[in-house]
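Asks: I have a structure here, written as structure tokens, and I will follow up with some questions on it.
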Number of protein chains: 2
Amino acid sequence: MKQNTKYNIKSNLKRLFTYRLCLIGFKRKGFDRIFSHNLGEEAGVTAEQVRKDFSFFKIRGNKKGGYQINDLLRAIDEVFKYQHNQHVVIVGMGNIGRALVQYKRFLLRKMIIVASFDIDPSKQSRRWGIPVLPLEMLDDIIKKFHVKVAIIAVPEISAQDVLDRLIDLGIKGFLNFAPVMLKTPENIIVNNINLCDELESVIYYTEKVIE
Amino acid sequence: MKQNTKYNIKSNLKRLFTYRLCLIGFKRKGFDRIFSHNLGEEAGVTAEQVRKDFSFFKIRGNKKGGYQINDLLRAIDEVFKYQHNQHVVIVGMGNIGRALVQYKRFLLRKMIIVASFDIDPSKQSRRWGIPVLPLEMLDDIIKKFHVKVAIIAVPEISAQDVLDRLIDLGIKGFLNFAPVMLKTPENIIVNNINLCDELESVIYYTEKVIE
DNA sequence: TTTTATATGTGAATAATATCACATATATGA
DNA sequence: TCATATATGTGATATTATTCACATATAAAA
């Protein structure tokens with residue numbers, strides 16, 4: 001299995017996120033135990049799929065007794081190495097960037113946006129809770145907070161430049177909102193989110209179902 | 001192939017988006033013809049994959065001559081039925097909602113956010129270009145603009161209620177940013193975007209590569 | 001015009017993923 | 001405590017997705 005730039009989140013990992021979401025829902029409803037059957041139904045997969053996935057990630061339940069929800073959540077957190085906080089920087093303070101720095105949920109999962117960056121001096125204030133800094137300060141911040149992951153929310157025209165620069169400064173993983181295929185060396189992870197594509201595919205399938 | 005709620009974008013459709021992105025890039029660089037080999041390299045897949053995908057979507061090239069980029073782009077647009085504008089509503093004017101209504105790129109793909117909605121009366125102004133309306137007006141707008149697709153950007157606690165209400169009003173497809181598994185009847189499409197999951201999976205793979 | 005080199009398009013082969021089926025362990029109730 | 005019903009965990013099987021391999025068409029060159 002080649003670890004490469006051109007890269008999709010493995011579907012079993014994706015399902016693990018879904019399971020977590022479902023488990024949190026079940027917990028909220030007062031359950032503390034769950035069976036693969038219930039979880040599968042909620043997550044939209046078969047019970048066997050759930051068990052196979054758990055098996056893959058070395059998560060084990062009790063024969064006949066199912067799974068303790070708290071155990072499962074802890075085990076899933078374990079997969080994501082939840083012990084320590086993760087520092088993240090974000091480059092580009094446009095619409096998307098501003099939304100993300102204010103997105104509180106990252107904190108609940110111990111992902112901390114330590115600073116944001118923009119070339120536009122007029123944006124360089126503390127208006128949005130965390131500092132908006134000039135790109136010259138990337139090096140300092142990345143070193144100071146041991147940042148390994150960055151969010152790219154710049155216009156597509158400058159995305160490749162920003163990426164190259166961040167890789168030089170030691171960033172290994174990217175969440176990219178710019179609609180371009182970024183070129184990277186081996187062992188650099190880029191997860192692209194293309195909002196247009198996401199909306200468009202909804203429209204595509206909606207029309208497919210309707211007709 | 002069961003069309004269901006619990007639902008992932010087919011990977012060949014996803015690749016079609018990637019191809020488009022690459023093609024736009026090639027075009028910008030001055031190319032007007034492309035071979036499956038080039039496109040595959042750029043998109044991070046094999047040339048055979050490119051051809052199989054095109055074949056699946058009934059997109060055909062010229063033996064020996066490759067593909068005209070403009071033809072390809074037109075054919076891809078055809079897959080997405082690009083002739084007419086698509087009206088979309090968005091519910092929830094928090095961080096994410098506000099970013100999306102200002103996101104210009106939707107327009108380039110003829111996806112038009114015709115109105116946004118929020119229960120908070122203090123948000124009900126025209127501050128962000130399009131009107132922010134109370135939810136009571138959903139029915140009017142959906143009828144007036146023949147809306148079939150909605151973006152849900154409300155807190156998770158109210159997402160299911162909003163979804164149910166929108167389904168009642170005839171919405172068939174959803175782009176959902178609330179981190180919950182929404183329950184829907186058959187033939188309703190929900191595409192979930194979970195920003196925490198996306199960032200977290202970058203971190204996951206980044207740590208995997210590093211170690 | 002004819003030749004030739006080369007890119008497409010697609011069945012066949014392979015690989016990856018998901019489901020089935022059942023042996024095993026154990027929670028539950030008698 | 002013991003019997004039993006039932007949920008897990010996982011090899012075997014089926015399905016789906018990708019790659020291989022090559023016949024075919026044709027753009028480009030002679």
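Ligands are numbered from 1 in the order shown, chains are lettered A, B, ... in the order of the structure tokens, and residues start at 1 in each chain.
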When DSSP is applied to the backbone of this structure, which of chain B are assigned strand (DSSP E)? Write them out as number ranges by chain.

Replies: B: 33-34, 67-68, 86-91, 111-117, 132-133, 149-152, 173-176, 189-192

Asks: Filtering to C-alpha atoms, could you give me those residues as a short mmCIF file (atom, residue, chain, number, x, y, z; two decimals), in the first residue's frame?

Replies:
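File part_31.cif, as written:
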data_model
loop_
_atom_site.label_atom_id
_atom_site.label_comp_id
_atom_site.auth_asym_id
_atom_site.auth_seq_id
_atom_site.Cartn_x
_atom_site.Cartn_y
_atom_site.Cartn_z
CA ARG B 33 -5.22 18.18 -26.08
CA ILE B 34 -4.56 15.59 -23.43
CA TYR B 67 -8.83 13.85 -25.95
CA GLN B 68 -9.60 17.47 -26.70
CA GLN B 86 -29.38 25.09 -9.68
CA HIS B 87 -31.07 26.89 -6.81
CA VAL B 88 -29.95 26.07 -3.31
CA VAL B 89 -30.99 27.27 0.11
CA ILE B 90 -28.85 27.29 3.20
CA VAL B 91 -30.09 26.96 6.75
CA MET B 111 -25.17 26.79 -8.22
CA ILE B 112 -27.03 29.73 -6.79
CA ILE B 113 -27.78 30.16 -3.12
CA VAL B 114 -31.09 31.94 -3.39
CA ALA B 115 -31.67 32.54 0.29
CA SER B 116 -30.35 31.74 3.72
CA PHE B 117 -32.28 31.04 6.88
CA VAL B 132 -31.29 35.94 5.81
CA LEU B 133 -34.84 34.90 6.45
CA VAL B 149 -31.15 20.98 -2.62
CA ALA B 150 -30.29 22.51 0.75
CA ILE B 151 -27.18 23.10 2.81
CA ILE B 152 -27.55 22.40 6.52
CA GLY B 173 -30.66 16.48 -1.44
CA PHE B 174 -28.60 17.83 1.40
CA LEU B 175 -25.08 18.98 2.05
CA ASN B 176 -24.82 18.60 5.80
CA ILE B 189 -29.49 12.15 -0.50
CA VAL B 190 -27.33 13.42 2.33
CA ASN B 191 -23.70 14.28 1.78
CA ASN B 192 -22.04 14.87 5.12
#

Asks: With only C-alpha atoms counted and 6 Å as the cut-off, give the residues of chain B in contact with chain A, each with its shortest interatomic distance in Å and the pair that gives it, as CSV.

Replies:
residue,atom,partner,partner_atom,distance
B:Lys6,CA,A:Gly44,CA,4.9
B:Gly44,CA,A:Lys6,CA,5.0
B:Phe80,CA,A:Tyr204,CA,5.9
B:Asn95,CA,A:Ala99,CA,4.7
B:Ile96,CA,A:Ala99,CA,5.5
B:Ala99,CA,A:Asn95,CA,4.7
B:Phe106,CA,A:Cys196,CA,5.8
B:Gly173,CA,A:Thr206,CA,5.5
B:Cys196,CA,A:Phe106,CA,5.8
B:Val202,CA,A:Gly173,CA,5.8
B:Tyr204,CA,A:Phe80,CA,6.0
B:Thr206,CA,A:Gly173,CA,5.5

Asks: Store the residues picked out above, limited to N, CA, C and O atoms, as a compact mmCIF listing (two decimals), in the first residue's frame.

Replies:
# COMPACT_ATOMS: atom_id res chain seq x y z
N LYS B 6 -27.62 6.39 3.64
CA LYS B 6 -26.29 6.12 4.17
C LYS B 6 -25.40 5.87 2.98
O LYS B 6 -25.38 4.78 2.41
N GLY B 44 -3.26 11.45 -10.26
CA GLY B 44 -2.80 10.43 -9.32
C GLY B 44 -3.45 9.08 -9.50
O GLY B 44 -3.57 8.32 -8.55
N PHE B 80 -22.92 16.31 -15.41
CA PHE B 80 -23.55 17.05 -14.32
C PHE B 80 -24.71 17.93 -14.78
O PHE B 80 -25.17 18.79 -14.05
N ASN B 95 -20.78 30.36 11.62
CA ASN B 95 -19.50 30.56 10.92
C ASN B 95 -19.52 29.94 9.53
O ASN B 95 -19.17 30.59 8.54
N ILE B 96 -19.92 28.68 9.50
CA ILE B 96 -19.88 27.94 8.25
C ILE B 96 -20.88 28.53 7.25
O ILE B 96 -20.55 28.79 6.10
N ALA B 99 -19.73 31.71 5.70
CA ALA B 99 -18.64 31.49 4.74
C ALA B 99 -19.23 31.00 3.42
O ALA B 99 -18.81 31.43 2.34
N PHE B 106 -19.39 28.81 -6.10
CA PHE B 106 -20.64 28.11 -6.42
C PHE B 106 -21.24 28.66 -7.71
O PHE B 106 -21.73 27.93 -8.56
N GLY B 173 -32.09 16.70 -1.66
CA GLY B 173 -30.66 16.48 -1.44
C GLY B 173 -30.09 17.48 -0.45
O GLY B 173 -30.50 18.64 -0.42
N CYS B 196 -14.12 18.33 11.42
CA CYS B 196 -13.22 17.71 12.41
C CYS B 196 -12.65 16.41 11.88
O CYS B 196 -11.44 16.15 11.99
N VAL B 202 -6.21 13.83 8.49
CA VAL B 202 -4.89 14.32 8.06
C VAL B 202 -3.86 14.04 9.15
O VAL B 202 -2.78 13.52 8.87
N TYR B 204 -4.00 11.85 11.49
CA TYR B 204 -3.81 10.40 11.59
C TYR B 204 -2.75 9.92 10.60
O TYR B 204 -1.78 9.27 10.96
N THR B 206 -0.67 11.68 8.81
CA THR B 206 0.60 12.37 8.97
C THR B 206 1.46 11.65 10.01
O THR B 206 2.64 11.38 9.77

Asks: For chain D, work out the contacting residues on chain B at 7 Å, counting only C-alpha atoms (C1' of nucleotides), and write them as an mmCIF file with N, CA and C atoms, in the first residue's frame.

Replies:
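Resulting contents of out-v2.cif:
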data_model
loop_
_atom_site.group_PDB
_atom_site.id
_atom_site.type_symbol
_atom_site.label_atom_id
_atom_site.label_comp_id
_atom_site.auth_asym_id
_atom_site.auth_seq_id
_atom_site.Cartn_x
_atom_site.Cartn_y
_atom_site.Cartn_z
ATOM 1 N N LYS B 63 -8.873 7.481 -30.897
ATOM 2 C CA LYS B 63 -7.757 6.550 -30.869
ATOM 3 C C LYS B 63 -6.535 7.233 -31.475
ATOM 4 N N LYS B 64 -5.438 7.063 -30.811
ATOM 5 C CA LYS B 64 -4.167 7.724 -31.122
ATOM 6 C C LYS B 64 -4.172 9.220 -30.838
ATOM 7 N N GLY B 65 -5.308 9.864 -30.984
ATOM 8 C CA GLY B 65 -5.344 11.320 -30.874
ATOM 9 C C GLY B 65 -5.605 11.862 -29.497
#

Asks: Would you give me, as a list in words, the residues of chain C that come within 12 Å of chain A, using only C-alpha atoms (C1' of nucleotides)?

Replies: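 Going by the stated atoms only, the list reads DA15, DA16, DT17, DA18, DT19, DC20, DA21, DT24, DA25, DT26, DA27 and DT28 of chain C.
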
Asks: Could you please determine the separation between atom CA of A:Ala75 and atom CA of A:Asn38 in Å, to one decimal place?

Replies: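 The value is 18.2 Å.
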
Asks: Give the helix (DSSP H, G or I) residues of stretch 54-176 of chain B, as assigned by DSSP on the backbone, as a PyMOL selection string.

Replies: chain B and resi 54-56+69-79+95-101+105-108+121-123+135-145+156-168

Asks: Can you tell me how far atom CA of B:Gly40 sits from atom CA of A:Ser158, in Å to one decimal?

Replies: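 Between these atoms lies a distance of 23.4 Å.
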